[in-house]
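Note sheet for the following structure.
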Amino acid sequence: MKKLELLAPAGNIDALIGAINAGANAIYVGGKKFGARAFANNLSIEELIHFIEFAHEHNALLYTTINTVIFDEEISSFFEYTDQLVLNKVDAFIVQDIGLMRKLIEKYPDTPIHASTQVNTLSINQVKYLKNMGVKRIILARETSLDMIKEIIASVDIELEVFGHGALCVSYSGNCYLSSVNGERSGNRGECAQPCRLAYSMLKDNALFERQTYLLSTKDLMTLPEINEIIESNVDSLKIEGRMRKSDYVITAVKAYRKAIDEYYLAKPHLEMDADIVDLKKVFNRDFTKGYLLNEKPSSITQISRPNHMGVEIGKVLSYNWGKTEILLSGTLSKGDGIRIIGKHDIGDQVSKIIKNREIVNEAYENDVIIIDLPKAVDENDIVMKTMDIHLCESTIPYTLETYKSIPLWVQVTAHLNEPLKISLTDEVYQVEVLSDYLIEKAQSQASTIEKIMKQVDKFGQTPYFLSGQMTDIDEMIFIPNQVINDTRRKALELIVQKRTSRPDRTINDTSIVELEIIEDSGFNFAVKVETIDQFEAVLETDINIIIVPENMDLSSYQNLNKHIIYTLPRIKPSKYVTNDKSDVLIQDIGDFYYTANQTVWTDIYMNITNLYSLEELLKSNAKMVSLSVEMNFIQVKNLLALFEQIHHFYPPVMVLGYGRIDAMITKYCPISKAEELNISHCHICDKHDYTLVDPTGSEYPLKNDGDCNIRVLNHKVLNLIEFVPELKKNHVSIIRLDFTVETKEEVRAVINAFQNKMNNQYYQMPEMKYTHLRFRY
């Protein structure tokens with residue numbers, strides 16, 4: 001019977017060791033480069049190599065994250081890095097970049113490649129694409145339900161991994177640019193500053209509607225009570241999020257889920273897990289949700305009152321006087337615990353002294369009245385939360401030792417007169433046997449008794465091994481020097497370690513050049529993307545030929561358009577989505593290639609194309625025009641096109657976004673419904689009113705429904721690359737795209753006129769707006 005893998009995070013060495021010792025089947029960890037947690041205490045290449053062997057010795061797997069977008073100038077060092085890990089038998093790579101995914105599969109045919117959740121895989125068609133590419137496992141988007149997962153499993157034979165515990169992203173993964181547009185810390189580069197955890201106000205029809213609350217801050221995922229349902233869905237791996245968390249968090253989570261999974265396979269369905277859930281709350285929680293995996297309502301996915309660790313409630317304030325706070329406890333409090341008092345203002349502190357009945361105590365319990373010191377005043381009936389349990393933290397420390405006794409060995413010792421000493425070690429898989437060079441002699445005075453021999457055999461010292469059982473066949477009145485016993489045991493232990501850590505050598509191939517058909521250069525053009533009929537009609541008044549419109553826009557009343565119309569497929573597709581028969585389409589993800597086999601395909605900016613290999617991948621898949629990522633700068637675009645031409649001897653058909661409010665994120669959660677307290681999906685109140693989020697700096701982010709109640713959070717500034725138009729044309733960019741979202745007819749006409757005038761070296765004037773270049777600079 002296939003058993004569910006428990007996969008744990010390691011953002012530091014203590015967490016890595018602790019997770020394995022606590023029972024994780026596999027670990028995912030990042031190096032110093034290319035991982036989606038750039039600010040974790042990631043491992044050096046030397047540390048990664050050491051811990052690959054450590055994991056294997058503990059019968060665990062180690063997966064390395066290279067789950068960011070990669071630029072061409074990084075490719076050489078990228079493959080040097082992956083070569084080293086493959087030579088040292090890393091168990092898998094977790095990858096976001098679609099082009100590098102293909103190259104890694106080609107280069108390392110016997111090293112599994114896992115598609116990161118950053119690929120945002122939600123549909124059967126996306127899964128089919130990745131399966132056909134050679135991907136071994138897909139980490140599904142957090143928005144994927146178990147019902148959808150069962151459909152995928154029934155349709156495609158591939159390993160699937162789901163998130164079961166930890167922090168959630170409010171945006172669809174790989175589709176969030178909020179941090180990137182606010183300080184150039186890209187989530188797609190592992191640098192997310194988590195602006196979604198800030199407090200936002202909301203405007204309704206330009207009037208203040210919701211004062212500052214944490215409208216985008218998600219609760220933490222926790223699926224422990226639903227573990228049976230997850231196992232029975234036949235997913236392959238359950239993932240704990242938390243590479244930015246401390247080791248006590250990781251160890252506590254692994255222990256709780258390990259226990260629940262094991263109990264399931266032991267047929268104990270009525271598992272008592274309340275205490276484990278309390279421990280999970282103590283190490284970190286922003287309140288818990290079962291997530292979209294288990295059909296949580298989008299309105300229940302956020303915790304708008306606070307974005308940080310909540311802890312567990314353990315009492316309330318009775319009084320405060322001159323720094324002394326009297327508290328009635330509803331739970332246990334110990335010296336050294338961390339607490340937070342929640343009232344008009346939050347006050348956090350670590351408990352240094354507890355007074356009960358005028359005596360100093362180390363611990364107090366439910367219904368006790370105690371006094372503690374606090375640096376600031378609090379009010380009667382303020383809530384006391386425990387945010388750190390000192391005893392729980394201390395209980396996890398032994399797990400962080402490489403020498404933690406976690407590997408049981410069965411020992412068999414045979415000692416007969418005039419024969420070598422024989423020691424056999426057996427673990428759960430292997431058995432080794434070592435004979436001494438020394439022949440056992442008759443004892444002249446002090447005999448080597450069973451007790452004395454086994455005392456030496458059991459000296460596993462600074463290793464993770466311990467004696468779980470023994471069998472002896474030992475003559476009486478014999479003598480064996482301790483050194484002989486020690487040497488024989490040591491050699492046996494070395495053999496068992498060698499067998500546990502041994503893995504077949506891995507293949508490293510040279511990568512081949514992708515063969516592409518020459519695509520005829522159609523010259524430089526502008527393309528305009530619109531979302532409303534008013535915007536469409538404004539474009540018709542210009543000489544723009546290429547117009548990109550929503551798939552559901554009805555143009556039947558417009559006769560003899562004589563325009564190149566391209567229809568945009570939805571970013572996030574309904575589960576039973578069927579595309580129309582439009583001839584030219586703008587697609588949003590790799591699964592769309594299956595919908596559009598007989599159509600002319602252009603690809604959108606949100607597919608995160610940033611290097612030669614990802615560009616080649618889409619062109620090889622029959623894309624006729626590829627949009628480059630908005631997170632590239634001018635030099636990167638210029639060098640990519642030159643590199644492509646050098647290899648393929650023609651310039652690729654690429655499109656660069658020159659104007660528009662990009663989607664800072666797209667989310668299944670609706671902050672509008674939350675603020676309106678409707679708590680239902682498809683309310684369509686946003687069809688009747690305009691809503692805008694306002695961040696603490698006063699920046700305004702318009703909200704738009706994508707048509708299926710996924711909410712687009714538009715950037716507060718408009719991307720404007722008008723100054724780069726001549727250079728982009730000179731460097732063989734095929735199309736500069738102008739995107740219109742909330743603009744009026746007049747603004748559409750003015751922007752198009754300005755860009756055309758700039759192209760013709762004429763005077764231009766852009767409408768008055770807040771503009772940005774994002775990362776696009778020389």
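By order of appearance in the structure tokens: chains A, B, ..., then residues from 1 within every chain, and ligands from 1 in the order shown.
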Per residue of region 219-336 of chain A within 10 Å of region 193-200 of chain A, what are the shortest atom pair and its distance in Å to one decimal, counting only C-alpha atoms, with rows by chain and residue number, as a tab-separated table?
residue	atom	partner	partner_atom	distance
A:Ile304	CA	A:Ala199	CA	8.4
A:Ser305	CA	A:Ala199	CA	9.2
A:Arg306	CA	A:Arg197	CA	8.5
A:Pro307	CA	A:Arg197	CA	5.6
A:Asn308	CA	A:Arg197	CA	8.3
Restricting the output to N, CA and C atoms, write the selected residues as a short mmCIF file (atom, residue, chain, number, x, y, z; two decimals), in the first residue's frame.
data_model
loop_
_atom_site.label_atom_id
_atom_site.label_comp_id
_atom_site.auth_asym_id
_atom_site.auth_seq_id
_atom_site.Cartn_x
_atom_site.Cartn_y
_atom_site.Cartn_z
N ILE A 304 -8.68 39.22 9.40
CA ILE A 304 -8.49 40.65 9.14
C ILE A 304 -8.17 41.46 10.38
N SER A 305 -8.22 40.85 11.56
CA SER A 305 -7.98 41.62 12.78
C SER A 305 -6.50 41.76 13.09
N ARG A 306 -5.67 40.80 12.65
CA ARG A 306 -4.23 40.91 12.92
C ARG A 306 -3.48 39.99 11.95
N PRO A 307 -2.23 40.34 11.60
CA PRO A 307 -1.49 39.55 10.61
C PRO A 307 -0.39 38.68 11.22
N ASN A 308 -0.29 38.68 12.55
CA ASN A 308 0.87 38.02 13.18
C ASN A 308 0.41 36.87 14.06
#
query: Among region 33-214 of chain A, which ones does DSSP place in helix (DSSP H, G or I), written as an MDAnalysis selection string?
result: chainID A and resid 45:57 72:87 98:107 117:119 124:133 146:155 178:181 187:189 195:197
task: Report as a PyMOL selection string: the residues of region 79-128 of chain A with a DSSP assignment of strand (DSSP E), based on the backbone of this structure.
output: chain A and resi 92-95+113-115
message: List as a ChimeraX atom specification the protein and nucleic acid residues near region 117-132 of chain A, meaning an atom at most 8 Å away when only C-alpha atoms are counted, but skip any in the same chain fewer than 4 places from it.
response: /A:67-68,96-98,136,138-144,148,151-152,155-156,158,172-175,188,575,589-592,594
Just write the chosen residues, N, CA and C atoms, as a CSV table (one decimal), in the first residue's frame.
chain,number,residue,atom,x,y,z
A,67,ASN,N,13.1,27.2,-7.3
A,67,ASN,CA,11.8,27.6,-7.7
A,67,ASN,C,11.6,29.1,-7.8
A,68,THR,N,12.5,29.7,-8.6
A,68,THR,CA,12.3,31.1,-9.0
A,68,THR,C,12.4,31.2,-10.5
A,96,GLN,N,10.4,26.2,-10.8
A,96,GLN,CA,9.3,27.1,-11.3
A,96,GLN,C,9.5,27.3,-12.8
A,97,ASP,N,10.6,27.7,-13.3
A,97,ASP,CA,10.9,28.1,-14.6
A,97,ASP,C,10.6,27.0,-15.6
A,98,ILE,N,9.6,27.2,-16.5
A,98,ILE,CA,9.1,26.2,-17.4
A,98,ILE,C,10.2,25.8,-18.4
A,136,LYS,N,8.2,14.6,-12.8
A,136,LYS,CA,7.9,13.4,-12.0
A,136,LYS,C,6.7,13.7,-11.0
A,138,ILE,N,4.0,17.0,-9.3
A,138,ILE,CA,3.5,18.4,-9.4
A,138,ILE,C,3.0,18.8,-8.0
A,139,ILE,N,3.5,20.0,-7.6
A,139,ILE,CA,3.0,20.6,-6.4
A,139,ILE,C,1.8,21.5,-6.7
A,140,LEU,N,0.6,21.0,-6.4
A,140,LEU,CA,-0.5,21.7,-6.9
A,140,LEU,C,-0.7,23.1,-6.3
A,141,ALA,N,-1.4,24.0,-7.0
A,141,ALA,CA,-1.7,25.3,-6.4
A,141,ALA,C,-2.6,25.1,-5.2
A,142,ARG,N,-2.4,26.0,-4.2
A,142,ARG,CA,-3.2,25.9,-3.0
A,142,ARG,C,-4.7,26.0,-3.1
A,143,GLU,N,-5.1,26.6,-4.3
A,143,GLU,CA,-6.5,26.8,-4.5
A,143,GLU,C,-7.2,25.5,-5.1
A,144,THR,N,-6.4,24.4,-5.3
A,144,THR,CA,-7.0,23.2,-5.9
A,144,THR,C,-7.7,22.4,-4.8
A,148,MET,N,-11.1,18.3,-7.2
A,148,MET,CA,-10.4,18.5,-8.5
A,148,MET,C,-9.2,17.6,-8.5
A,151,GLU,N,-10.1,14.2,-9.7
A,151,GLU,CA,-10.3,14.2,-11.2
A,151,GLU,C,-8.9,14.1,-11.9
A,152,ILE,N,-8.0,14.8,-11.3
A,152,ILE,CA,-6.6,14.8,-11.9
A,152,ILE,C,-6.0,13.4,-11.8
A,155,SER,N,-7.3,11.0,-14.3
A,155,SER,CA,-7.0,11.3,-15.7
A,155,SER,C,-5.5,11.2,-16.0
A,156,VAL,N,-4.6,11.5,-15.1
A,156,VAL,CA,-3.2,11.5,-15.4
A,156,VAL,C,-2.4,10.7,-14.3
A,158,ILE,N,0.5,10.7,-12.4
A,158,ILE,CA,1.7,11.5,-12.0
A,158,ILE,C,1.6,11.7,-10.5
A,172,TYR,N,-2.9,33.7,-6.2
A,172,TYR,CA,-2.5,32.5,-6.9
A,172,TYR,C,-1.0,32.5,-7.0
A,173,SER,N,-0.3,31.4,-6.7
A,173,SER,CA,1.1,31.4,-6.7
A,173,SER,C,1.7,31.7,-8.1
A,174,GLY,N,2.8,32.3,-8.1
A,174,GLY,CA,3.5,32.7,-9.3
A,174,GLY,C,2.8,33.9,-10.0
A,175,ASN,N,1.7,34.3,-9.5
A,175,ASN,CA,0.9,35.4,-10.1
A,175,ASN,C,0.9,36.7,-9.2
A,188,ASN,N,8.5,36.2,-7.3
A,188,ASN,CA,9.0,35.2,-8.2
A,188,ASN,C,10.5,35.1,-8.2
A,575,SER,N,-13.8,25.0,-13.5
A,575,SER,CA,-13.4,23.6,-13.6
A,575,SER,C,-13.9,23.0,-14.9
A,589,ASP,N,-1.6,30.1,-19.5
A,589,ASP,CA,-0.8,29.1,-18.9
A,589,ASP,C,-0.6,28.0,-19.8
A,590,ILE,N,0.3,27.1,-19.5
A,590,ILE,CA,0.8,26.0,-20.4
A,590,ILE,C,-0.4,25.0,-20.7
A,591,GLY,N,-1.4,24.9,-19.8
A,591,GLY,CA,-2.5,24.1,-20.1
A,591,GLY,C,-3.3,24.6,-21.3
A,592,ASP,N,-3.3,25.9,-21.5
A,592,ASP,CA,-4.1,26.4,-22.6
A,592,ASP,C,-3.6,25.9,-24.0
A,594,TYR,N,-3.5,23.0,-24.8
A,594,TYR,CA,-4.4,21.9,-25.2
A,594,TYR,C,-5.8,22.4,-25.7
- request: Rank A:Glu631, A:Glu47, A:Asp663, A:Glu366 by their smallest atom-to-atom distance to Glu184 (chain A), using only C-alpha atoms, and report the top residue only.
  value: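 Among the listed residues, A:Glu631 lies closest to Glu184 (chain A).
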d(CA of Ser629 (chain A), CA of Thr610 (chain A)) in Å: 5.9 Å
- prompt: Could you pull the residues within 8 Å of Asn285 (chain A), counting only C-alpha atoms, minus those fewer than 3 positions along the same chain, as a ChimeraX atom specification?
  reply: /A:219-220,280-282,288,308-311
message: Under the rule that only C-alpha atoms are counted, which of A:Glu433, A:Asp382, A:Lys2, A:Arg506 is the nearest residue to Lys89 (chain A)?
response: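 Ranked by minimum distance to Lys89 (chain A), first place goes to A:Arg506.
Taking CA of Asn367 (chain A) as the reference point, CA of Val317 (chain A) is found at 12.6 Å.
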- prompt: Near Arg258 (chain A), within 8 Å and counting only C-alpha atoms, which residues show up once chain neighbours fewer than 6 positions away are dropped, as an MDAnalysis selection string?
  reply: chainID A and resid 6 22:24
Would you mind exporting N, CA, C and O atoms of the selected residues as a short mmCIF file (atom, residue, chain, number, x, y, z; two decimals), in the first residue's frame?
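This is the output file out_28.cif:
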data_model
loop_
_atom_site.label_atom_id
_atom_site.label_comp_id
_atom_site.auth_asym_id
_atom_site.auth_seq_id
_atom_site.Cartn_x
_atom_site.Cartn_y
_atom_site.Cartn_z
N LEU A 6 5.27 12.54 4.15
CA LEU A 6 5.22 13.76 4.95
C LEU A 6 6.46 14.58 4.62
O LEU A 6 7.59 14.16 4.89
N ALA A 22 12.17 14.05 13.76
CA ALA A 22 10.78 14.01 14.23
C ALA A 22 9.90 13.11 13.37
O ALA A 22 8.75 12.84 13.74
N GLY A 23 10.41 12.68 12.21
CA GLY A 23 9.66 11.71 11.43
C GLY A 23 9.28 12.11 10.03
O GLY A 23 8.48 11.42 9.39
N ALA A 24 9.82 13.20 9.50
CA ALA A 24 9.52 13.57 8.11
C ALA A 24 10.11 12.54 7.16
O ALA A 24 11.24 12.08 7.35
#
statement: Expressed in Å, the length from CA of Ile383 (chain A) to CA of Ile277 (chain A) is 20.3 Å
message: Could you list, as a ChimeraX atom specification, every residue within 10 Å of region 228-232 of chain A, counting only C-alpha atoms and ignoring same-chain residues fewer than 4 positions away?
response: /A:2-5,146,150,162,164,223-224,236-238,260-261,263-265,269,293-294
Write out the residues from the selection above, keeping N, CA and C atoms, as a compact mmCIF listing (two decimals), in the first residue's frame.
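What follows is the written file selection17.txt:
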# COMPACT_ATOMS: atom_id res chain seq x y z
N LYS A 2 0.60 2.16 -0.96
CA LYS A 2 1.35 3.41 -1.02
C LYS A 2 1.01 4.27 0.20
N LYS A 3 2.04 4.77 0.86
CA LYS A 3 1.82 5.60 2.03
C LYS A 3 2.09 7.06 1.70
N LEU A 4 1.32 7.92 2.35
CA LEU A 4 1.47 9.36 2.15
C LEU A 4 2.83 9.82 2.66
N GLU A 5 3.56 10.53 1.81
CA GLU A 5 4.83 11.14 2.23
C GLU A 5 4.55 12.39 3.05
N LEU A 146 -9.78 19.04 -3.15
CA LEU A 146 -9.62 17.58 -3.20
C LEU A 146 -10.48 16.97 -4.30
N LYS A 150 -8.92 14.63 -7.21
CA LYS A 150 -9.38 13.27 -7.57
C LYS A 150 -9.62 13.15 -9.07
N VAL A 162 0.43 18.21 -2.11
CA VAL A 162 -0.45 19.30 -1.67
C VAL A 162 0.08 19.90 -0.37
N GLY A 164 -0.46 21.03 3.32
CA GLY A 164 -1.34 20.61 4.40
C GLY A 164 -1.29 21.49 5.63
N THR A 223 -4.68 21.16 8.49
CA THR A 223 -5.58 20.10 8.01
C THR A 223 -5.50 18.85 8.87
N LEU A 224 -4.97 18.96 10.07
CA LEU A 224 -4.81 17.77 10.91
C LEU A 224 -6.13 17.00 11.11
N ASP A 236 0.17 11.98 -3.18
CA ASP A 236 1.42 11.30 -2.83
C ASP A 236 2.17 11.95 -1.68
N SER A 237 2.00 13.26 -1.52
CA SER A 237 2.81 13.95 -0.52
C SER A 237 2.01 15.07 0.13
N LEU A 238 2.17 15.19 1.45
CA LEU A 238 1.56 16.27 2.22
C LEU A 238 2.68 17.19 2.70
N ALA A 260 -0.57 11.61 13.26
CA ALA A 260 -1.88 11.43 12.64
C ALA A 260 -1.82 10.48 11.46
N ILE A 261 -0.78 10.60 10.64
CA ILE A 261 -0.64 9.71 9.48
C ILE A 261 -0.42 8.27 9.93
N GLU A 263 -1.26 6.89 12.75
CA GLU A 263 -2.48 6.36 13.36
C GLU A 263 -3.48 5.91 12.30
N TYR A 264 -3.54 6.64 11.19
CA TYR A 264 -4.45 6.23 10.11
C TYR A 264 -4.07 4.85 9.59
N TYR A 265 -2.80 4.65 9.31
CA TYR A 265 -2.37 3.36 8.74
C TYR A 265 -2.44 2.23 9.77
N PRO A 269 -8.99 5.36 13.61
CA PRO A 269 -9.61 6.56 13.03
C PRO A 269 -10.04 7.61 14.05
N LEU A 293 -8.23 23.53 -0.25
CA LEU A 293 -8.06 22.09 -0.43
C LEU A 293 -9.31 21.35 0.05
N LEU A 294 -9.88 21.84 1.15
CA LEU A 294 -11.04 21.19 1.75
C LEU A 294 -12.27 22.09 1.69
task: Choose the residue, out of A:Tyr691, A:Phe536, A:Phe34, A:Trp322, that has the smallest atom-to-atom separation from Phe209 (chain A); count only C-alpha atoms.
output: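 The answer is A:Tyr691, which sits nearest to Phe209 (chain A).
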